[in-house]
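Chemist: Take this structure first; my questions come after.
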Amino acid sequence: MQEIWFGLSTAAQYCAAASLLLLLLRFRRLSPPFKVLIWVLVNELITESLASWLFNQKINNMPLLHLYTLVSFWILSYFFRILFRKKPFVRRYFWAYLGLITALLCANSYWFEPIHGFNSNAKTLVQCLIIGYVVYYLFDAFGEIDLLQPNELAISLVNIAILIYNAGSLFIFMFAKILNQGLLSPEAQSGLWMVNSLLYLVFQLLLLTAIWIQAFKAKKSFS
Amino acid sequence: MDTSIQGEEILLLITVGILIMLLLVFVLIAFFLLSQRKLQQARQKAYAIELEQREQRLYGTIQIQENERQRIAKDLHDSIGSKLNVLHLYLHRLKKQVPSTPLISETVQDIFEVINTTLDTTRRISHDLLPPTLEKFGLKAALNEACTQYAKSSDTLQIDFASPHEPYPRHDKMAELNLFRVMQELFSNSIKHGPATHIRVEMQYQNTKLHIYYSDNGPGFDPAADGYKPGLGLQNIESRMNMIGAQYALNTAPSKGLEVQITYQPTL
(Lines give C-alpha, C1' and ligand atoms only; values in the text may rest on other atoms or scores of the structure.)
Protein backbone atom coordinates (compact mmCIF):
# COMPACT_ATOMS: atom_id res chain seq x y z
CA MET A 1 0.00 0.00 0.00
CA GLN A 2 2.93 2.28 0.75
CA GLU A 3 4.19 1.81 -2.82
CA ILE A 4 0.87 3.01 -4.17
CA TRP A 5 0.97 5.98 -1.77
CA PHE A 6 4.50 6.94 -2.91
CA GLY A 7 3.56 6.34 -6.56
CA LEU A 8 0.55 8.66 -6.29
CA SER A 9 2.64 11.31 -4.52
CA THR A 10 5.34 11.16 -7.20
CA ALA A 11 2.75 11.37 -9.99
CA ALA A 12 1.22 14.42 -8.29
CA GLN A 13 4.67 16.03 -8.04
CA TYR A 14 5.27 15.49 -11.76
CA CYS A 15 1.88 17.03 -12.48
CA ALA A 16 2.74 20.03 -10.31
CA ALA A 17 6.08 20.42 -12.08
CA ALA A 18 4.37 20.22 -15.50
CA SER A 19 1.80 22.82 -14.42
CA LEU A 20 4.53 25.13 -13.19
CA LEU A 21 6.47 24.73 -16.42
CA LEU A 22 3.35 25.48 -18.44
CA LEU A 23 2.62 28.56 -16.35
CA LEU A 24 6.15 29.87 -16.79
CA LEU A 25 6.20 29.18 -20.54
CA ARG A 26 2.89 30.91 -21.13
CA PHE A 27 3.34 33.60 -18.48
CA ARG A 28 2.39 36.44 -20.83
CA ARG A 29 -0.97 34.86 -21.66
CA LEU A 30 -1.95 34.30 -18.03
CA SER A 31 -4.67 36.19 -16.24
CA PRO A 32 -3.76 37.57 -12.76
CA PRO A 33 -5.21 34.63 -10.71
CA PHE A 34 -3.15 32.15 -12.71
CA LYS A 35 0.00 34.14 -12.08
CA VAL A 36 -0.65 33.62 -8.36
CA LEU A 37 -0.88 29.87 -8.99
CA ILE A 38 2.83 29.94 -9.84
CA TRP A 39 3.49 30.73 -6.17
CA VAL A 40 1.10 27.99 -5.05
CA LEU A 41 3.03 25.44 -7.09
CA VAL A 42 6.46 26.78 -6.12
CA ASN A 43 5.42 26.53 -2.47
CA GLU A 44 4.16 22.96 -2.98
CA LEU A 45 7.24 21.75 -4.85
CA ILE A 46 9.82 23.39 -2.58
CA THR A 47 8.08 22.13 0.56
CA GLU A 48 7.75 18.62 -0.84
CA SER A 49 11.40 18.47 -1.96
CA LEU A 50 12.70 19.88 1.32
CA ALA A 51 10.47 17.56 3.34
CA SER A 52 11.79 14.52 1.44
CA TRP A 53 15.38 15.65 1.91
CA LEU A 54 14.90 16.23 5.64
CA PHE A 55 13.14 12.86 5.94
CA ASN A 56 16.05 11.12 4.22
CA GLN A 57 18.49 12.94 6.53
CA LYS A 58 16.39 11.69 9.46
CA ILE A 59 15.66 15.28 10.53
CA ASN A 60 12.20 16.20 11.79
CA ASN A 61 10.40 17.94 8.92
CA MET A 62 7.30 18.99 10.87
CA PRO A 63 8.39 22.67 11.15
CA LEU A 64 8.10 22.75 7.35
CA LEU A 65 4.43 21.78 7.62
CA HIS A 66 3.79 24.76 9.92
CA LEU A 67 5.52 27.08 7.49
CA TYR A 68 3.77 25.48 4.50
CA THR A 69 0.35 25.88 6.15
CA LEU A 70 0.98 29.58 6.73
CA VAL A 71 2.44 30.32 3.29
CA SER A 72 -0.23 28.34 1.42
CA PHE A 73 -2.90 30.21 3.41
CA TRP A 74 -1.37 33.55 2.36
CA ILE A 75 -1.08 32.59 -1.31
CA LEU A 76 -4.53 31.05 -1.63
CA SER A 77 -6.10 33.97 0.25
CA TYR A 78 -4.39 36.33 -2.17
CA PHE A 79 -5.63 34.18 -5.09
CA PHE A 80 -9.21 34.53 -3.85
CA ARG A 81 -8.70 38.21 -3.10
CA ILE A 82 -8.14 38.66 -6.85
CA LEU A 83 -11.30 36.68 -7.61
CA PHE A 84 -13.33 38.68 -5.07
CA ARG A 85 -11.66 42.02 -5.81
CA LYS A 86 -15.00 43.64 -6.66
CA LYS A 87 -16.41 42.91 -3.18
CA PRO A 88 -16.07 45.98 -0.99
CA PHE A 89 -15.69 43.97 2.24
CA VAL A 90 -12.78 42.03 0.73
CA ARG A 91 -11.04 45.24 -0.30
CA ARG A 92 -11.64 46.79 3.11
CA TYR A 93 -10.87 43.96 5.51
CA PHE A 94 -8.54 41.65 3.60
CA TRP A 95 -5.23 42.67 5.16
CA ALA A 96 -6.68 42.85 8.68
CA TYR A 97 -8.22 39.41 8.18
CA LEU A 98 -4.92 38.02 6.86
CA GLY A 99 -3.09 39.48 9.84
CA LEU A 100 -5.60 38.03 12.30
CA ILE A 101 -5.44 34.49 10.89
CA THR A 102 -1.64 34.71 10.64
CA ALA A 103 -1.51 35.69 14.32
CA LEU A 104 -3.78 32.75 15.20
CA LEU A 105 -1.63 30.30 13.22
CA CYS A 106 1.56 31.63 14.82
CA ALA A 107 -0.01 31.48 18.30
CA ASN A 108 -1.09 27.90 17.62
CA SER A 109 2.43 26.94 16.56
CA TYR A 110 3.92 28.67 19.60
CA TRP A 111 1.56 27.61 22.40
CA PHE A 112 -0.75 24.76 21.34
CA GLU A 113 0.93 22.69 18.65
CA PRO A 114 4.71 23.15 18.81
CA ILE A 115 6.55 23.24 15.49
CA HIS A 116 8.12 19.79 15.99
CA GLY A 117 4.69 18.15 16.00
CA PHE A 118 1.69 17.96 13.68
CA ASN A 119 -0.38 21.17 13.37
CA SER A 120 -3.86 19.67 13.01
CA ASN A 121 -5.64 22.72 14.40
CA ALA A 122 -3.93 25.10 12.02
CA LYS A 123 -4.39 22.79 9.01
CA THR A 124 -8.06 22.30 9.85
CA LEU A 125 -8.64 26.03 10.25
CA VAL A 126 -6.88 26.87 6.99
CA GLN A 127 -8.67 24.10 5.07
CA CYS A 128 -12.06 25.23 6.44
CA LEU A 129 -11.31 28.81 5.39
CA ILE A 130 -10.24 27.70 1.91
CA ILE A 131 -13.37 25.52 1.55
CA GLY A 132 -15.33 28.62 2.59
CA TYR A 133 -13.68 30.70 -0.14
CA VAL A 134 -14.54 28.13 -2.82
CA VAL A 135 -18.13 27.63 -1.66
CA TYR A 136 -18.58 31.41 -1.63
CA TYR A 137 -17.03 31.62 -5.10
CA LEU A 138 -19.36 28.93 -6.49
CA PHE A 139 -22.48 30.54 -5.02
CA ASP A 140 -21.36 33.99 -6.08
CA ALA A 141 -20.54 32.79 -9.58
CA PHE A 142 -23.93 31.13 -9.96
CA GLY A 143 -25.67 32.68 -12.94
CA GLU A 144 -22.76 35.02 -13.57
CA ILE A 145 -20.28 32.87 -15.41
CA ASP A 146 -20.40 31.05 -18.70
CA LEU A 147 -18.54 27.74 -18.59
CA LEU A 148 -18.29 27.72 -22.38
CA GLN A 149 -15.82 30.58 -22.05
CA PRO A 150 -12.32 29.10 -21.55
CA ASN A 151 -11.32 31.76 -19.00
CA GLU A 152 -14.29 31.05 -16.77
CA LEU A 153 -14.04 27.30 -17.22
CA ALA A 154 -10.36 27.37 -16.22
CA ILE A 155 -10.94 29.40 -13.07
CA SER A 156 -13.93 27.21 -12.10
CA LEU A 157 -11.78 24.11 -12.54
CA VAL A 158 -9.13 25.56 -10.22
CA ASN A 159 -11.81 26.21 -7.63
CA ILE A 160 -13.24 22.72 -7.97
CA ALA A 161 -9.75 21.24 -7.63
CA ILE A 162 -9.10 23.23 -4.45
CA LEU A 163 -12.49 22.22 -3.04
CA ILE A 164 -12.10 18.49 -3.76
CA TYR A 165 -8.64 18.29 -2.21
CA ASN A 166 -9.32 20.41 0.85
CA ALA A 167 -12.75 18.94 1.63
CA GLY A 168 -11.58 15.38 1.00
CA SER A 169 -8.46 15.61 3.13
CA LEU A 170 -10.00 17.74 5.89
CA PHE A 171 -10.74 14.79 8.19
CA ILE A 172 -7.35 13.21 7.57
CA PHE A 173 -5.49 16.34 8.71
CA MET A 174 -8.00 16.97 11.47
CA PHE A 175 -7.08 13.59 13.04
CA ALA A 176 -3.46 13.49 11.88
CA LYS A 177 -2.13 14.11 15.39
CA ILE A 178 -4.17 11.21 16.76
CA LEU A 179 -3.07 9.01 13.85
CA ASN A 180 0.55 9.64 14.83
CA GLN A 181 -0.14 8.35 18.35
CA GLY A 182 -0.23 4.80 16.99
CA LEU A 183 -3.93 4.13 17.58
CA LEU A 184 -4.31 2.84 14.03
CA SER A 185 -2.55 -0.05 12.40
CA PRO A 186 0.25 0.92 9.95
CA GLU A 187 -1.92 -0.41 7.05
CA ALA A 188 -4.86 1.78 8.05
CA GLN A 189 -2.56 4.79 8.39
CA SER A 190 -0.98 4.15 4.99
CA GLY A 191 -4.47 3.72 3.54
CA LEU A 192 -5.55 7.14 4.80
CA TRP A 193 -2.40 8.83 3.52
CA MET A 194 -2.92 7.04 0.23
CA VAL A 195 -6.41 8.57 0.01
CA ASN A 196 -4.80 11.95 0.70
CA SER A 197 -2.26 11.36 -2.10
CA LEU A 198 -5.02 10.29 -4.46
CA LEU A 199 -6.96 13.46 -3.71
CA TYR A 200 -3.78 15.48 -4.16
CA LEU A 201 -3.21 13.83 -7.55
CA VAL A 202 -6.79 14.66 -8.58
CA PHE A 203 -6.15 18.24 -7.43
CA GLN A 204 -2.97 18.47 -9.49
CA LEU A 205 -4.59 16.90 -12.57
CA LEU A 206 -7.51 19.33 -12.44
CA LEU A 207 -5.07 22.18 -11.94
CA LEU A 208 -3.03 21.05 -14.92
CA THR A 209 -6.18 20.89 -17.05
CA ALA A 210 -7.21 24.37 -15.93
CA ILE A 211 -3.75 25.75 -16.65
CA TRP A 212 -3.76 24.08 -20.06
CA ILE A 213 -7.09 25.71 -20.91
CA GLN A 214 -5.86 29.07 -19.65
CA ALA A 215 -2.55 28.80 -21.48
CA PHE A 216 -3.84 27.65 -24.86
CA LYS A 217 -7.55 28.36 -25.15
CA ALA A 218 -8.38 31.37 -23.04
CA LYS A 219 -7.92 35.02 -23.78
CA LYS A 220 -5.72 37.12 -21.56
CA SER A 221 -8.56 39.42 -20.52
CA PHE A 222 -9.87 38.96 -17.01
CA SER A 223 -13.08 40.39 -15.62
CA MET B 1 -8.27 -4.12 23.20
CA ASP B 2 -9.42 -0.63 24.15
CA THR B 3 -6.79 0.96 21.95
CA SER B 4 -7.86 -1.21 19.02
CA ILE B 5 -11.55 -0.31 19.46
CA GLN B 6 -10.65 3.35 19.77
CA GLY B 7 -8.51 3.07 16.63
CA GLU B 8 -11.35 1.43 14.68
CA GLU B 9 -13.74 4.13 15.78
CA ILE B 10 -11.31 6.84 14.66
CA LEU B 11 -10.78 5.12 11.32
CA LEU B 12 -14.54 4.86 10.86
CA LEU B 13 -14.96 8.51 11.83
CA ILE B 14 -12.29 9.66 9.39
CA THR B 15 -13.63 7.45 6.59
CA VAL B 16 -17.20 8.62 7.12
CA GLY B 17 -15.94 12.22 7.36
CA ILE B 18 -14.05 11.92 4.07
CA LEU B 19 -17.03 10.31 2.35
CA ILE B 20 -19.48 12.89 3.62
CA MET B 21 -17.22 15.76 2.62
CA LEU B 22 -16.63 14.31 -0.84
CA LEU B 23 -20.35 13.64 -1.25
CA LEU B 24 -21.14 17.22 -0.31
CA VAL B 25 -18.49 18.47 -2.71
CA PHE B 26 -19.86 16.40 -5.57
CA VAL B 27 -23.42 17.49 -4.83
CA LEU B 28 -22.26 21.10 -4.82
CA ILE B 29 -20.31 20.69 -8.06
CA ALA B 30 -23.19 18.81 -9.71
CA PHE B 31 -25.63 21.50 -8.61
CA PHE B 32 -23.28 24.18 -9.93
CA LEU B 33 -22.79 22.45 -13.29
CA LEU B 34 -26.45 21.54 -13.80
CA SER B 35 -27.56 25.05 -12.91
CA GLN B 36 -24.98 26.41 -15.30
CA ARG B 37 -26.29 24.19 -18.08
CA LYS B 38 -29.89 25.23 -17.44
CA LEU B 39 -28.88 28.84 -17.31
CA GLN B 40 -26.93 28.44 -20.53
CA GLN B 41 -29.93 26.88 -22.27
CA ALA B 42 -32.18 29.69 -21.07
CA ARG B 43 -29.65 32.27 -22.28
CA GLN B 44 -29.34 30.56 -25.66
CA LYS B 45 -33.12 30.49 -26.02
CA ALA B 46 -33.39 34.16 -25.12
CA TYR B 47 -30.58 34.97 -27.54
CA ALA B 48 -32.27 33.00 -30.34
CA ILE B 49 -35.53 34.88 -29.74
CA GLU B 50 -33.69 38.19 -29.69
CA LEU B 51 -31.89 37.26 -32.89
CA GLU B 52 -35.16 36.33 -34.58
CA GLN B 53 -36.77 39.58 -33.46
CA ARG B 54 -33.78 41.55 -34.68
CA GLU B 55 -33.98 39.73 -38.01
CA GLN B 56 -37.70 40.48 -38.28
CA ARG B 57 -37.04 44.14 -37.54
CA LEU B 58 -34.33 44.19 -40.18
CA TYR B 59 -36.65 42.52 -42.72
CA GLY B 60 -39.25 45.14 -41.91
CA THR B 61 -36.72 47.94 -42.34
CA ILE B 62 -35.52 46.52 -45.66
CA GLN B 63 -39.10 46.16 -46.86
CA ILE B 64 -39.96 49.72 -45.84
CA GLN B 65 -36.74 50.96 -47.45
CA GLU B 66 -37.61 49.22 -50.73
CA ASN B 67 -41.19 50.55 -50.69
CA GLU B 68 -39.92 54.04 -49.99
CA ARG B 69 -37.33 53.76 -52.76
CA GLN B 70 -40.05 52.66 -55.20
CA ARG B 71 -42.28 55.53 -54.13
CA ILE B 72 -39.53 58.12 -54.47
CA ALA B 73 -38.41 56.68 -57.83
CA LYS B 74 -42.00 56.76 -59.08
CA ASP B 75 -42.54 60.31 -57.82
CA LEU B 76 -39.31 61.49 -59.38
CA HIS B 77 -40.18 59.91 -62.69
CA ASP B 78 -43.90 60.70 -62.81
CA SER B 79 -44.05 64.10 -61.13
CA ILE B 80 -40.75 65.90 -61.40
CA GLY B 81 -39.60 64.19 -64.58
CA SER B 82 -42.84 64.76 -66.46
CA LYS B 83 -43.13 68.35 -65.23
CA LEU B 84 -39.60 69.06 -66.39
CA ASN B 85 -40.56 67.66 -69.79
CA VAL B 86 -43.58 69.97 -69.90
CA LEU B 87 -41.30 72.86 -68.93
CA HIS B 88 -38.99 71.86 -71.75
CA LEU B 89 -41.94 71.92 -74.18
CA TYR B 90 -43.19 75.33 -73.00
CA LEU B 91 -39.72 76.75 -73.35
CA HIS B 92 -39.58 75.52 -76.95
CA ARG B 93 -42.90 77.18 -77.61
CA LEU B 94 -41.71 80.38 -75.96
CA LYS B 95 -38.51 80.36 -77.97
CA LYS B 96 -40.55 80.29 -81.20
CA GLN B 97 -42.89 83.10 -80.10
CA VAL B 98 -40.40 85.56 -78.66
CA PRO B 99 -38.28 87.67 -81.04
CA SER B 100 -34.76 86.49 -80.87
CA THR B 101 -32.09 88.70 -79.41
CA PRO B 102 -28.61 87.50 -78.39
CA LEU B 103 -29.41 87.91 -74.69
CA ILE B 104 -32.72 86.00 -74.92
CA SER B 105 -31.18 83.23 -77.03
CA GLU B 106 -28.35 82.78 -74.55
CA THR B 107 -30.70 82.75 -71.54
CA VAL B 108 -33.07 80.25 -73.19
CA GLN B 109 -30.12 78.06 -74.07
CA ASP B 110 -28.96 78.20 -70.42
CA ILE B 111 -32.45 77.26 -69.21
CA PHE B 112 -32.49 74.33 -71.66
CA GLU B 113 -29.18 73.14 -70.28
CA VAL B 114 -30.39 73.38 -66.69
CA ILE B 115 -33.59 71.51 -67.54
CA ASN B 116 -31.67 68.79 -69.40
CA THR B 117 -29.15 68.39 -66.54
CA THR B 118 -31.98 68.22 -64.01
CA LEU B 119 -33.81 65.67 -66.17
CA ASP B 120 -30.67 63.54 -66.41
CA THR B 121 -30.06 63.78 -62.67
CA THR B 122 -33.68 62.90 -61.92
CA ARG B 123 -33.49 59.92 -64.26
CA ARG B 124 -30.21 58.75 -62.75
CA ILE B 125 -31.50 59.00 -59.16
CA SER B 126 -34.72 57.29 -60.17
CA HIS B 127 -32.79 54.49 -61.88
CA ASP B 128 -30.49 54.08 -58.91
CA LEU B 129 -33.47 53.76 -56.62
CA LEU B 130 -35.29 51.30 -58.82
CA PRO B 131 -33.38 50.09 -61.86
CA PRO B 132 -35.86 49.82 -64.74
CA THR B 133 -33.61 47.24 -66.42
CA LEU B 134 -34.14 44.94 -63.47
CA GLU B 135 -37.89 45.28 -63.71
CA LYS B 136 -38.02 44.94 -67.49
CA PHE B 137 -35.21 42.52 -68.35
CA GLY B 138 -34.31 40.77 -65.13
CA LEU B 139 -31.26 40.26 -62.95
CA LYS B 140 -28.74 39.33 -65.61
CA ALA B 141 -29.29 42.45 -67.68
CA ALA B 142 -29.39 44.64 -64.59
CA LEU B 143 -26.13 43.19 -63.29
CA ASN B 144 -24.47 43.61 -66.65
CA GLU B 145 -25.59 47.23 -66.73
CA ALA B 146 -24.44 47.81 -63.14
CA CYS B 147 -21.00 46.37 -63.96
CA THR B 148 -20.66 48.76 -66.90
CA GLN B 149 -21.79 51.73 -64.79
CA TYR B 150 -19.49 50.96 -61.86
CA ALA B 151 -16.54 50.41 -64.21
CA LYS B 152 -17.23 53.79 -65.82
CA SER B 153 -17.24 55.48 -62.41
CA SER B 154 -13.51 54.87 -61.94
CA ASP B 155 -10.51 55.01 -64.26
CA THR B 156 -8.62 52.31 -62.35
CA LEU B 157 -11.43 49.78 -61.91
CA GLN B 158 -11.94 46.87 -64.27
CA ILE B 159 -15.07 44.75 -63.95
CA ASP B 160 -15.58 41.47 -65.78
CA PHE B 161 -19.04 40.08 -66.08
CA ALA B 162 -19.47 36.51 -67.25
CA SER B 163 -22.72 34.72 -67.76
CA PRO B 164 -22.21 31.68 -69.93
CA HIS B 165 -25.60 30.05 -69.87
CA GLU B 166 -28.68 31.27 -71.63
CA PRO B 167 -31.61 31.78 -71.32
CA TYR B 168 -32.24 32.89 -67.77
CA PRO B 169 -35.59 32.35 -66.19
CA ARG B 170 -37.09 35.30 -64.36
CA HIS B 171 -37.42 34.91 -60.59
CA ASP B 172 -39.90 36.60 -58.36
CA LYS B 173 -39.41 40.36 -58.20
CA MET B 174 -38.52 40.48 -54.53
CA ALA B 175 -35.78 37.86 -54.95
CA GLU B 176 -34.32 39.61 -57.98
CA LEU B 177 -34.40 42.96 -56.23
CA ASN B 178 -32.70 41.58 -53.10
CA LEU B 179 -30.02 39.80 -55.12
CA PHE B 180 -29.41 42.99 -57.06
CA ARG B 181 -29.17 45.05 -53.85
CA VAL B 182 -26.66 42.55 -52.44
CA MET B 183 -24.53 42.93 -55.55
CA GLN B 184 -24.78 46.72 -55.30
CA GLU B 185 -23.61 46.48 -51.68
CA LEU B 186 -20.66 44.30 -52.72
CA PHE B 187 -19.66 46.70 -55.51
CA SER B 188 -19.95 49.61 -53.15
CA ASN B 189 -17.82 47.86 -50.47
CA SER B 190 -15.11 46.93 -52.99
CA ILE B 191 -14.92 50.51 -54.24
CA LYS B 192 -15.25 52.19 -50.84
CA HIS B 193 -13.04 50.00 -48.61
CA GLY B 194 -10.66 48.58 -51.22
CA PRO B 195 -10.17 50.21 -53.39
CA ALA B 196 -10.16 47.11 -55.57
CA THR B 197 -8.85 47.44 -59.11
CA HIS B 198 -10.41 44.28 -60.46
CA ILE B 199 -13.82 42.80 -59.83
CA ARG B 200 -15.20 39.66 -61.39
CA VAL B 201 -18.85 38.70 -61.43
CA GLU B 202 -20.04 35.38 -62.72
CA MET B 203 -23.62 34.25 -62.97
CA GLN B 204 -24.66 30.70 -63.70
CA TYR B 205 -27.89 28.83 -63.71
CA GLN B 206 -27.44 25.13 -62.93
CA ASN B 207 -29.96 22.49 -61.92
CA THR B 208 -32.66 25.03 -61.17
CA LYS B 209 -30.24 26.91 -58.91
CA LEU B 210 -28.85 30.34 -59.53
CA HIS B 211 -25.16 30.77 -58.63
CA ILE B 212 -23.50 34.14 -58.43
CA TYR B 213 -19.75 34.37 -57.81
CA TYR B 214 -18.24 37.69 -56.88
CA SER B 215 -14.55 38.35 -56.31
CA ASP B 216 -12.34 41.39 -55.97
CA ASN B 217 -8.63 42.04 -55.43
CA GLY B 218 -9.15 44.47 -52.55
CA PRO B 219 -7.34 44.28 -49.19
CA GLY B 220 -9.78 41.76 -47.66
CA PHE B 221 -10.19 41.36 -43.92
CA ASP B 222 -10.06 38.77 -41.17
CA PRO B 223 -13.60 37.79 -40.10
CA ALA B 224 -12.16 35.64 -37.27
CA ALA B 225 -10.09 38.47 -35.79
CA ASP B 226 -10.67 39.51 -32.17
CA GLY B 227 -13.25 42.23 -31.90
CA TYR B 228 -14.37 41.87 -35.53
CA LYS B 229 -18.01 42.84 -36.00
CA PRO B 230 -19.72 42.73 -39.38
CA GLY B 231 -20.61 46.21 -40.59
CA LEU B 232 -24.10 47.33 -41.45
CA GLY B 233 -23.51 46.48 -45.11
CA LEU B 234 -22.62 42.87 -44.40
CA GLN B 235 -25.52 42.54 -41.96
CA ASN B 236 -27.78 43.90 -44.65
CA ILE B 237 -26.45 41.35 -47.14
CA GLU B 238 -27.03 38.54 -44.69
CA SER B 239 -30.55 39.68 -43.91
CA ARG B 240 -31.47 40.00 -47.56
CA MET B 241 -30.08 36.53 -48.23
CA ASN B 242 -32.08 35.10 -45.35
CA MET B 243 -35.18 36.94 -46.51
CA ILE B 244 -35.23 35.17 -49.87
CA GLY B 245 -33.79 31.90 -48.54
CA ALA B 246 -30.52 32.18 -50.44
CA GLN B 247 -27.22 30.78 -49.25
CA TYR B 248 -24.20 32.98 -48.96
CA ALA B 249 -20.55 32.12 -48.35
CA LEU B 250 -17.88 34.73 -47.78
CA ASN B 251 -14.21 33.95 -48.15
CA THR B 252 -11.68 36.61 -47.31
CA ALA B 253 -8.37 37.18 -45.54
CA PRO B 254 -6.10 40.19 -45.11
CA SER B 255 -4.50 41.11 -48.49
CA LYS B 256 -6.25 38.16 -50.16
CA GLY B 257 -9.25 40.01 -51.60
CA LEU B 258 -12.84 38.96 -51.19
CA GLU B 259 -14.84 36.10 -52.62
CA VAL B 260 -18.57 35.73 -52.24
CA GLN B 261 -20.63 32.85 -53.44
CA ILE B 262 -24.40 33.15 -53.55
CA THR B 263 -26.72 30.24 -54.27
CA TYR B 264 -30.38 30.86 -54.76
CA GLN B 265 -32.96 28.15 -55.20
CA PRO B 266 -36.20 29.69 -56.44
CA THR B 267 -39.35 28.34 -54.84
CA LEU B 268 -41.62 26.77 -57.41
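Residues are referred to by chain and number: the chain letter is A, B, ... according to the order shown in the C-alpha coordinates, the number counts from 1 in that chain, and ligands are numbered separately from 1 in the order shown.
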What residues in chain B have any atom no more than 6 Å from chain A when counting only C-alpha atoms, and can you write them as a list in words?
Modeler: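 On the chain B side, the interface is Gly7, Ile14, Gly17, Ile18, Met21 and Leu22 of chain B.
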Chemist: May I ask which of the residues B:Pro195, B:His88, B:Asp75, B:Asn242 is the closest one to B:Asp110, counting only C-alpha atoms?
Modeler: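 Counting only C-alpha atoms, the residue closest to B:Asp110 is B:His88.
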Chemist: Tell me, as an mmCIF file with N, CA and C atoms, in the first residue's frame, which residues lie within 12 Å of stretch 3-5 of chain A, counting only C-alpha atoms; anything in the same chain fewer than 4 positions away does not count.
Modeler:
data_model
loop_
_atom_site.group_PDB
_atom_site.id
_atom_site.type_symbol
_atom_site.label_atom_id
_atom_site.label_comp_id
_atom_site.auth_asym_id
_atom_site.auth_seq_id
_atom_site.Cartn_x
_atom_site.Cartn_y
_atom_site.Cartn_z
ATOM 1 N N SER A 9 1.980 10.052 -4.897
ATOM 2 C CA SER A 9 2.640 11.310 -4.522
ATOM 3 C C SER A 9 3.596 11.761 -5.617
ATOM 4 N N THR A 10 4.369 10.808 -6.142
ATOM 5 C CA THR A 10 5.336 11.158 -7.198
ATOM 6 C C THR A 10 4.607 11.660 -8.441
ATOM 7 N N ALA A 11 3.527 10.944 -8.801
ATOM 8 C CA ALA A 11 2.755 11.368 -9.990
ATOM 9 C C ALA A 11 2.226 12.788 -9.783
ATOM 10 N N ALA A 12 1.748 13.072 -8.590
ATOM 11 C CA ALA A 12 1.225 14.418 -8.288
ATOM 12 C C ALA A 12 2.331 15.463 -8.402
ATOM 13 N N GLU A 187 -1.200 -0.270 8.335
ATOM 14 C CA GLU A 187 -1.916 -0.409 7.053
ATOM 15 C C GLU A 187 -3.024 0.644 6.940
ATOM 16 N N GLN A 189 -3.182 3.466 8.534
ATOM 17 C CA GLN A 189 -2.561 4.791 8.393
ATOM 18 C C GLN A 189 -2.125 5.044 6.947
ATOM 19 N N SER A 190 -1.440 4.012 6.387
ATOM 20 C CA SER A 190 -0.984 4.147 4.990
ATOM 21 C C SER A 190 -2.180 4.346 4.071
ATOM 22 N N GLY A 191 -3.260 3.606 4.362
ATOM 23 C CA GLY A 191 -4.475 3.718 3.540
ATOM 24 C C GLY A 191 -5.000 5.144 3.530
ATOM 25 N N LEU A 192 -5.034 5.754 4.724
ATOM 26 C CA LEU A 192 -5.550 7.138 4.802
ATOM 27 C C LEU A 192 -4.646 8.111 4.054
ATOM 28 N N TRP A 193 -3.318 7.929 4.233
ATOM 29 C CA TRP A 193 -2.403 8.835 3.525
ATOM 30 C C TRP A 193 -2.429 8.580 2.022
ATOM 31 N N MET A 194 -2.781 7.350 1.654
ATOM 32 C CA MET A 194 -2.917 7.042 0.226
ATOM 33 C C MET A 194 -4.130 7.795 -0.357
ATOM 34 N N VAL A 195 -5.217 7.819 0.441
ATOM 35 C CA VAL A 195 -6.410 8.570 0.013
ATOM 36 C C VAL A 195 -6.034 10.050 -0.169
ATOM 37 N N ASN A 196 -5.240 10.555 0.782
ATOM 38 C CA ASN A 196 -4.800 11.949 0.696
ATOM 39 C C ASN A 196 -3.985 12.173 -0.589
ATOM 40 N N SER A 197 -3.082 11.223 -0.889
ATOM 41 C CA SER A 197 -2.259 11.355 -2.098
ATOM 42 C C SER A 197 -3.116 11.285 -3.351
ATOM 43 N N LEU A 198 -4.122 10.414 -3.308
ATOM 44 C CA LEU A 198 -5.017 10.291 -4.463
ATOM 45 C C LEU A 198 -5.765 11.606 -4.694
ATOM 46 N N LEU A 199 -6.252 12.174 -3.601
ATOM 47 C CA LEU A 199 -6.957 13.462 -3.705
ATOM 48 C C LEU A 199 -6.014 14.552 -4.202
ATOM 49 N N TYR A 200 -4.772 14.484 -3.741
ATOM 50 C CA TYR A 200 -3.778 15.476 -4.156
ATOM 51 C C TYR A 200 -3.473 15.324 -5.652
ATOM 52 N N LEU A 201 -3.448 14.078 -6.120
ATOM 53 C CA LEU A 201 -3.214 13.835 -7.549
ATOM 54 C C LEU A 201 -4.383 14.383 -8.376
#
Chemist: Please extract the residues of stretch 23-220 of chain A with a backbone DSSP assignment of alpha helix (DSSP H) and present them as a PyMOL selection string.
Modeler: chain A and resi 23-25+32-56+62-83+88-107+120-141+150-174+176-179+186-216
Chemist: Enter the distance from atom CA of B:His77 to atom CA of B:Val114, in Å, rounded to one decimal.
Modeler: 17.1 Å
Chemist: Pick from B:Asn217, B:Gln247, B:Gln204, B:Ser79: nearest to B:Leu139, with only C-alpha atoms counted?
Modeler: B:Gln204
Chemist: Would you return as a list in words the members of stretch 53-201 of chain B that DSSP assigns to strand (DSSP E) on this structure's backbone?
Modeler: Gln158, Ile159, Asp160, Phe161, Ala162, His198, Ile199, Arg200 and Val201 of chain B
Chemist: May I ask for the distance between atom CA of B:Arg37 and atom CA of A:Leu208, given in Å to one decimal place?
Modeler: 23.7 Å
Chemist: For stretch 15-24 of chain A, find every residue with an atom within 12 Å (counting only C-alpha atoms), except residues of its own chain fewer than 4 positions away, and show them as a ChimeraX atom specification.
Modeler: /A:8-11,28-46,48-49,200-216
